[in-house]
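Structure data follow from data.txt (compact mmCIF, C-alpha atoms):
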# COMPACT_ATOMS: atom_id res chain seq x y z
CA MET D 1 0.00 0.00 0.00
CA LYS D 2 1.27 3.47 -0.84
CA LYS D 3 2.22 5.63 2.11
CA LEU D 4 -0.28 8.27 3.19
CA THR D 5 0.64 11.93 3.07
CA GLU D 6 0.33 14.02 6.23
CA LYS D 7 -2.77 15.79 4.85
CA GLN D 8 -4.42 12.49 3.89
CA ARG D 9 -3.82 11.12 7.38
CA LYS D 10 -5.31 14.27 8.94
CA ILE D 11 -8.38 13.98 6.72
CA LEU D 12 -8.85 10.34 7.75
CA ASP D 13 -8.51 11.31 11.42
CA PHE D 14 -11.06 14.10 10.95
CA ILE D 15 -13.54 11.74 9.27
CA GLU D 16 -13.11 9.17 12.05
CA GLY D 17 -13.56 11.80 14.75
CA PHE D 18 -16.64 13.22 13.02
CA ILE D 19 -18.27 9.77 12.82
CA ARG D 20 -17.50 9.13 16.50
CA ARG D 21 -19.09 12.43 17.54
CA TYR D 22 -22.09 12.71 15.23
CA GLY D 23 -22.77 9.12 14.20
CA MET D 24 -22.40 9.88 10.48
CA PRO D 25 -19.61 10.78 8.06
CA PRO D 26 -18.95 14.42 7.13
CA THR D 27 -19.87 15.97 3.79
CA VAL D 28 -17.21 17.21 1.40
CA SER D 29 -18.18 20.78 2.35
CA GLU D 30 -17.64 20.06 6.06
CA ILE D 31 -14.18 18.61 5.35
CA SER D 32 -13.39 21.65 3.18
CA GLU D 33 -14.49 24.06 5.92
CA ASN D 34 -12.53 22.25 8.64
CA PHE D 35 -9.23 22.37 6.73
CA GLY D 36 -9.78 25.66 4.93
CA ILE D 37 -9.28 24.11 1.50
CA LYS D 38 -11.33 24.05 -1.70
CA THR D 39 -13.89 21.28 -2.22
CA SER D 40 -12.04 20.33 -5.42
CA THR D 41 -8.95 19.68 -3.29
CA VAL D 42 -11.00 17.56 -0.89
CA PHE D 43 -12.31 15.49 -3.81
CA ALA D 44 -8.72 14.94 -4.97
CA HIS D 45 -7.66 13.73 -1.51
CA LEU D 46 -10.69 11.44 -1.24
CA ARG D 47 -9.94 9.90 -4.64
CA ALA D 48 -6.34 9.30 -3.54
CA LEU D 49 -7.54 7.68 -0.32
CA GLN D 50 -9.88 5.44 -2.32
CA ARG D 51 -6.96 4.33 -4.49
CA LYS D 52 -5.04 3.53 -1.31
CA ASN D 53 -8.02 1.47 -0.03
CA GLN D 54 -8.51 3.72 3.01
CA LEU D 55 -12.15 4.54 2.33
CA SER D 56 -15.03 4.09 -0.08
CA ARG D 57 -17.67 6.59 -1.18
CA SER D 58 -20.39 7.16 -3.76
CA SER D 59 -22.01 10.26 -5.25
CA LYS D 60 -24.59 10.31 -2.45
CA ALA D 61 -24.34 12.68 0.48
CA ARG D 62 -22.51 11.40 3.58
CA SER D 63 -21.53 8.18 1.83
CA ILE D 64 -17.91 8.05 3.06
CA ALA D 65 -17.12 4.72 4.72
CA LEU D 66 -13.71 4.11 6.29
CA SER D 67 -11.92 0.86 5.54
CA ARG D 68 -10.23 0.83 8.91
CA HIS D 69 -12.38 -0.26 11.85
CA PHE D 70 -12.68 1.53 15.15
CA PRO D 71 -14.96 1.25 18.21
CA GLY D 72 -18.38 2.90 18.05
CA THR D 73 -19.03 2.42 14.35
CA ARG D 74 -21.23 -0.14 12.70
CA SER D 75 -22.81 -0.83 9.38
CA VAL D 76 -26.32 -2.09 8.73
CA ARG D 77 -26.87 -3.97 5.49
CA GLY D 78 -29.56 -2.37 3.36
CA ALA D 79 -30.15 0.38 5.92
CA VAL D 80 -28.77 3.72 6.96
CA ALA D 81 -28.50 5.25 10.42
CA VAL D 82 -29.32 8.96 10.53
CA PRO D 83 -29.10 11.28 13.56
CA VAL D 84 -32.36 12.60 15.02
CA PHE D 85 -32.57 16.21 16.24
CA ARG D 86 -35.29 17.97 18.23
CA ASP D 87 -34.02 21.34 16.97
CA LEU D 88 -31.18 22.89 14.96
CA THR D 89 -29.04 25.77 16.19
CA GLY D 90 -27.06 26.12 12.98
CA SER D 91 -25.46 23.38 10.92
CA VAL D 92 -25.93 19.72 11.83
CA ALA D 93 -22.41 19.66 13.25
CA GLU D 94 -23.21 22.64 15.49
CA SER D 95 -26.43 21.09 16.81
CA SER D 96 -25.02 18.11 18.73
CA ARG D 97 -26.69 19.24 21.98
CA CYS D 98 -30.09 18.94 20.26
CA ARG D 99 -29.52 15.36 19.18
CA GLU D 100 -32.02 12.79 20.46
CA GLY D 101 -30.39 9.67 19.06
CA GLU D 102 -30.45 7.94 15.71
CA LEU D 103 -32.97 6.33 13.42
CA ILE D 104 -32.21 3.25 11.34
CA ILE D 105 -34.26 3.09 8.15
CA ASN D 106 -34.26 0.83 5.12
CA ARG D 107 -32.76 2.53 2.08
CA THR D 108 -35.70 1.43 -0.07
CA MET D 109 -37.89 3.88 1.86
CA TYR D 110 -36.25 6.86 0.21
CA ASP D 111 -34.18 5.61 -2.73
CA GLY D 112 -34.89 7.74 -5.76
CA VAL D 113 -36.22 10.60 -3.64
CA HIS D 114 -33.30 12.44 -2.05
CA ASP D 115 -30.10 11.69 -0.17
CA VAL D 116 -31.13 11.79 3.48
CA GLY D 117 -28.74 13.36 5.98
CA PHE D 118 -30.67 13.62 9.24
CA ALA D 119 -34.11 13.52 10.85
CA LEU D 120 -35.71 16.53 12.53
CA ARG D 121 -38.70 16.53 14.86
CA VAL D 122 -41.56 18.88 13.91
CA ARG D 123 -42.04 21.55 16.59
CA ASP D 124 -45.41 23.11 15.68
CA ASP D 125 -48.67 22.57 13.77
CA ALA D 126 -48.11 25.28 11.15
CA MET D 127 -48.06 22.66 8.36
CA ARG D 128 -50.90 20.51 9.73
CA GLU D 129 -53.09 21.12 6.67
CA LEU D 130 -50.44 19.32 4.63
CA GLY D 131 -50.48 16.37 7.03
CA ILE D 132 -47.43 17.41 9.06
CA TRP D 133 -48.09 17.39 12.80
CA ALA D 134 -46.09 18.48 15.82
CA GLY D 135 -44.01 15.53 17.03
CA ASP D 136 -43.61 13.96 13.58
CA LEU D 137 -40.14 13.05 12.35
CA ILE D 138 -39.11 14.27 8.92
CA LEU D 139 -36.07 12.94 7.09
CA VAL D 140 -34.21 15.84 5.54
CA ALA D 141 -31.97 15.98 2.47
CA PRO D 142 -29.39 18.67 3.37
CA GLU D 143 -27.75 18.90 -0.04
CA ALA D 144 -30.91 18.99 -2.16
CA GLU D 145 -31.58 22.30 -3.93
CA PRO D 146 -35.01 23.58 -2.81
CA ARG D 147 -37.52 24.45 -5.53
CA PRO D 148 -40.46 26.86 -5.21
CA GLY D 149 -43.14 25.23 -3.06
CA ASP D 150 -40.85 22.59 -1.54
CA ILE D 151 -41.20 21.96 2.19
CA VAL D 152 -37.89 22.81 3.80
CA ALA D 153 -36.30 22.68 7.24
CA ALA D 154 -35.47 26.31 7.99
CA VAL D 155 -33.24 27.47 10.85
CA THR D 156 -34.70 30.70 12.27
CA PRO D 157 -33.81 32.71 15.40
CA GLU D 158 -36.77 31.00 17.11
CA GLY D 159 -35.59 27.50 16.17
CA ALA D 160 -35.91 25.05 13.30
CA VAL D 161 -39.28 24.92 11.52
CA PHE D 162 -40.78 23.26 8.47
CA ARG D 163 -42.32 25.66 5.96
CA SER D 164 -43.00 25.94 2.23
CA TYR D 165 -40.15 27.71 0.46
CA TYR D 166 -40.41 30.41 -2.19
CA PRO D 167 -37.28 32.18 -3.48
CA GLY D 168 -37.21 35.93 -3.97
CA GLU D 169 -34.78 38.54 -5.21
CA GLY D 170 -31.53 39.70 -3.69
CA GLY D 171 -31.01 36.52 -1.69
CA ARG D 172 -34.39 36.84 0.02
CA PHE D 173 -36.83 33.95 0.35
CA GLU D 174 -40.30 33.46 1.80
CA LEU D 175 -41.37 30.82 4.31
CA ARG D 176 -45.09 30.06 4.24
CA GLU D 177 -47.29 28.12 6.63
CA ALA D 178 -49.86 25.72 5.19
CA GLY D 179 -53.37 26.97 4.52
CA GLY D 180 -52.47 30.56 3.74
CA THR D 181 -54.12 31.91 6.93
CA ALA D 182 -50.93 33.69 8.04
CA PRO D 183 -48.71 35.93 5.91
CA GLY D 184 -45.46 34.42 4.73
CA ARG D 185 -42.21 35.31 6.47
CA ILE D 186 -39.73 37.15 4.25
CA CYS D 187 -36.18 36.22 5.23
CA ARG D 188 -33.06 38.09 4.24
CA SER D 189 -29.62 36.58 3.96
CA GLY D 190 -28.27 35.91 7.45
CA GLU D 191 -31.69 36.04 9.14
CA ALA D 192 -32.53 32.39 8.48
CA GLY D 193 -31.00 29.42 6.71
CA ILE D 194 -32.26 26.39 4.80
CA ALA D 195 -31.00 23.18 6.40
CA GLY D 196 -32.45 20.93 3.70
CA VAL D 197 -35.52 19.69 1.87
CA ALA D 198 -38.11 17.42 3.49
CA ALA D 199 -37.83 13.93 1.96
CA LEU D 200 -39.91 11.55 4.09
CA LEU D 201 -42.28 11.78 7.07
CA ILE D 202 -42.44 9.24 9.89
CA ARG D 203 -45.24 9.24 12.48
CA ARG D 204 -45.98 7.12 15.53
CA PHE D 205 -49.62 6.37 16.21
For the structure just supplied, provide its representation as structure tokens.
Amino acid sequence: MKKLTEKQRKILDFIEGFIRRYGMPPTVSEISENFGIKTSTVFAHLRALQRKNQLSRSSKARSIALSRHFPGTRSVRGAVAVPVFRDLTGSVAESSRCREGELIINRTMYDGVHDVGFALRVRDDAMRELGIWAGDLILVAPEAEPRPGDIVAAVTPEGAVFRSYYPGEGGRFELREAGGTAPGRICRSGEAGIAGVAALLIRRF
């Protein structure tokens, strides 16, 4: 096996530490941000690590799997384990205190829909007319590009909410509740963020 470079070893250590802490592998963007390097450079390092049989990955989000084994990790054939959050305070990595646990779901439940990154618990009944109730779990695709009318997980100063998304001009976007009884919320850049697009709803009866 070819010897690893210092940067490649640091990237492997970062991926391992991220999985230990959050229960899932990092995205390319999160690796890029941690090391202060371009995503194209991260892709190059990941390809080199694949050639050296240190990891495997696909085009799907959070698909990095380390070849080396370490305590606390596990794989489930035909299923994926996603972290469950009761709220988001920023990015998924910044919201570890809001984590409730993890949810193991069969990949066939969402294949062909979106790449799921995490599950978020619904906090209010603003989308009840669309069949989304407080307490439901929604699987979220963090790297999907939202389209007008998509239901998104939005991080606001009051917490994470699910709303219908409508883009505007100048970086603005509107978040609408279901039913149209309340005016939409116009958000400017920096006031709120889109954590991802709703991909699948799970409810306990």
Legend entry - Neighbour list for D:Pro146 as number ranges by chain, cut-off 8 Å, only C-alpha atoms, skip fewer than 5 positions in-chain: D: 152, 165, 196-197
How would the residues just chosen look if you wrote them out with C-alpha atoms as a PDB file, keeping the file's coordinate frame?
ATOM      1  CA  VAL D 152     -37.890  22.810   3.800  1.00  0.00           C
ATOM      2  CA  TYR D 165     -40.150  27.710   0.460  1.00  0.00           C
ATOM      3  CA  GLY D 196     -32.450  20.930   3.700  1.00  0.00           C
ATOM      4  CA  VAL D 197     -35.520  19.690   1.870  1.00  0.00           C
TER       5      VAL D 197
END
Legend entry - One-decimal distance in Å that lies between atom CA of D:Ser63 and atom CA of D:Thr27: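 Taking atom CA of D:Thr27 as the start and atom CA of D:Ser63 as the end point, the length is 8.2 Å.
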Legend entry - Close residues, D:Val161 itself excluded, 8 Å, all atoms listed in the file, min 5 positions apart in chain, as a list of chain:residue names: D:Val122, D:Arg123, D:Asp124, D:Ala153, D:Ala154, D:Val155, D:Thr156
Could those selected residues go to a file with C-alpha atoms, as a PDB file, in the coordinates of the input?
ATOM      1  CA  VAL D 122     -41.560  18.880  13.910  1.00  0.00           C
ATOM      2  CA  ARG D 123     -42.040  21.550  16.590  1.00  0.00           C
ATOM      3  CA  ASP D 124     -45.410  23.110  15.680  1.00  0.00           C
ATOM      4  CA  ALA D 153     -36.300  22.680   7.240  1.00  0.00           C
ATOM      5  CA  ALA D 154     -35.470  26.310   7.990  1.00  0.00           C
ATOM      6  CA  VAL D 155     -33.240  27.470  10.850  1.00  0.00           C
ATOM      7  CA  THR D 156     -34.700  30.700  12.270  1.00  0.00           C
TER       8      THR D 156
END
Inset, instruction - Would you list the contacts of D:Ala144 as a ChimeraX atom specification, taking every protein, DNA or RNA residue within 10 Å and counting only C-alpha atoms, but skipping same-chain residues closer than 5 positions in sequence? - result: /D:61,114-116,152,195-199
Inset, instruction - Neighbourhood query: residues within 10 Å of (-40.3, 29.2, -3.6), file coordinates, counting only C-alpha atoms; return as a list in words. - result: Pro146, Arg147, Pro148, Gly149, Asp150, Ile151, Ser164, Tyr165, Tyr166, Pro167, Gly168, Phe173, Glu174, Leu175 and Arg176 of chain D
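Computed from the coordinates, the atom CA of D:Ile64 to atom CA of D:Gly17 distance equals 13.0 Å.
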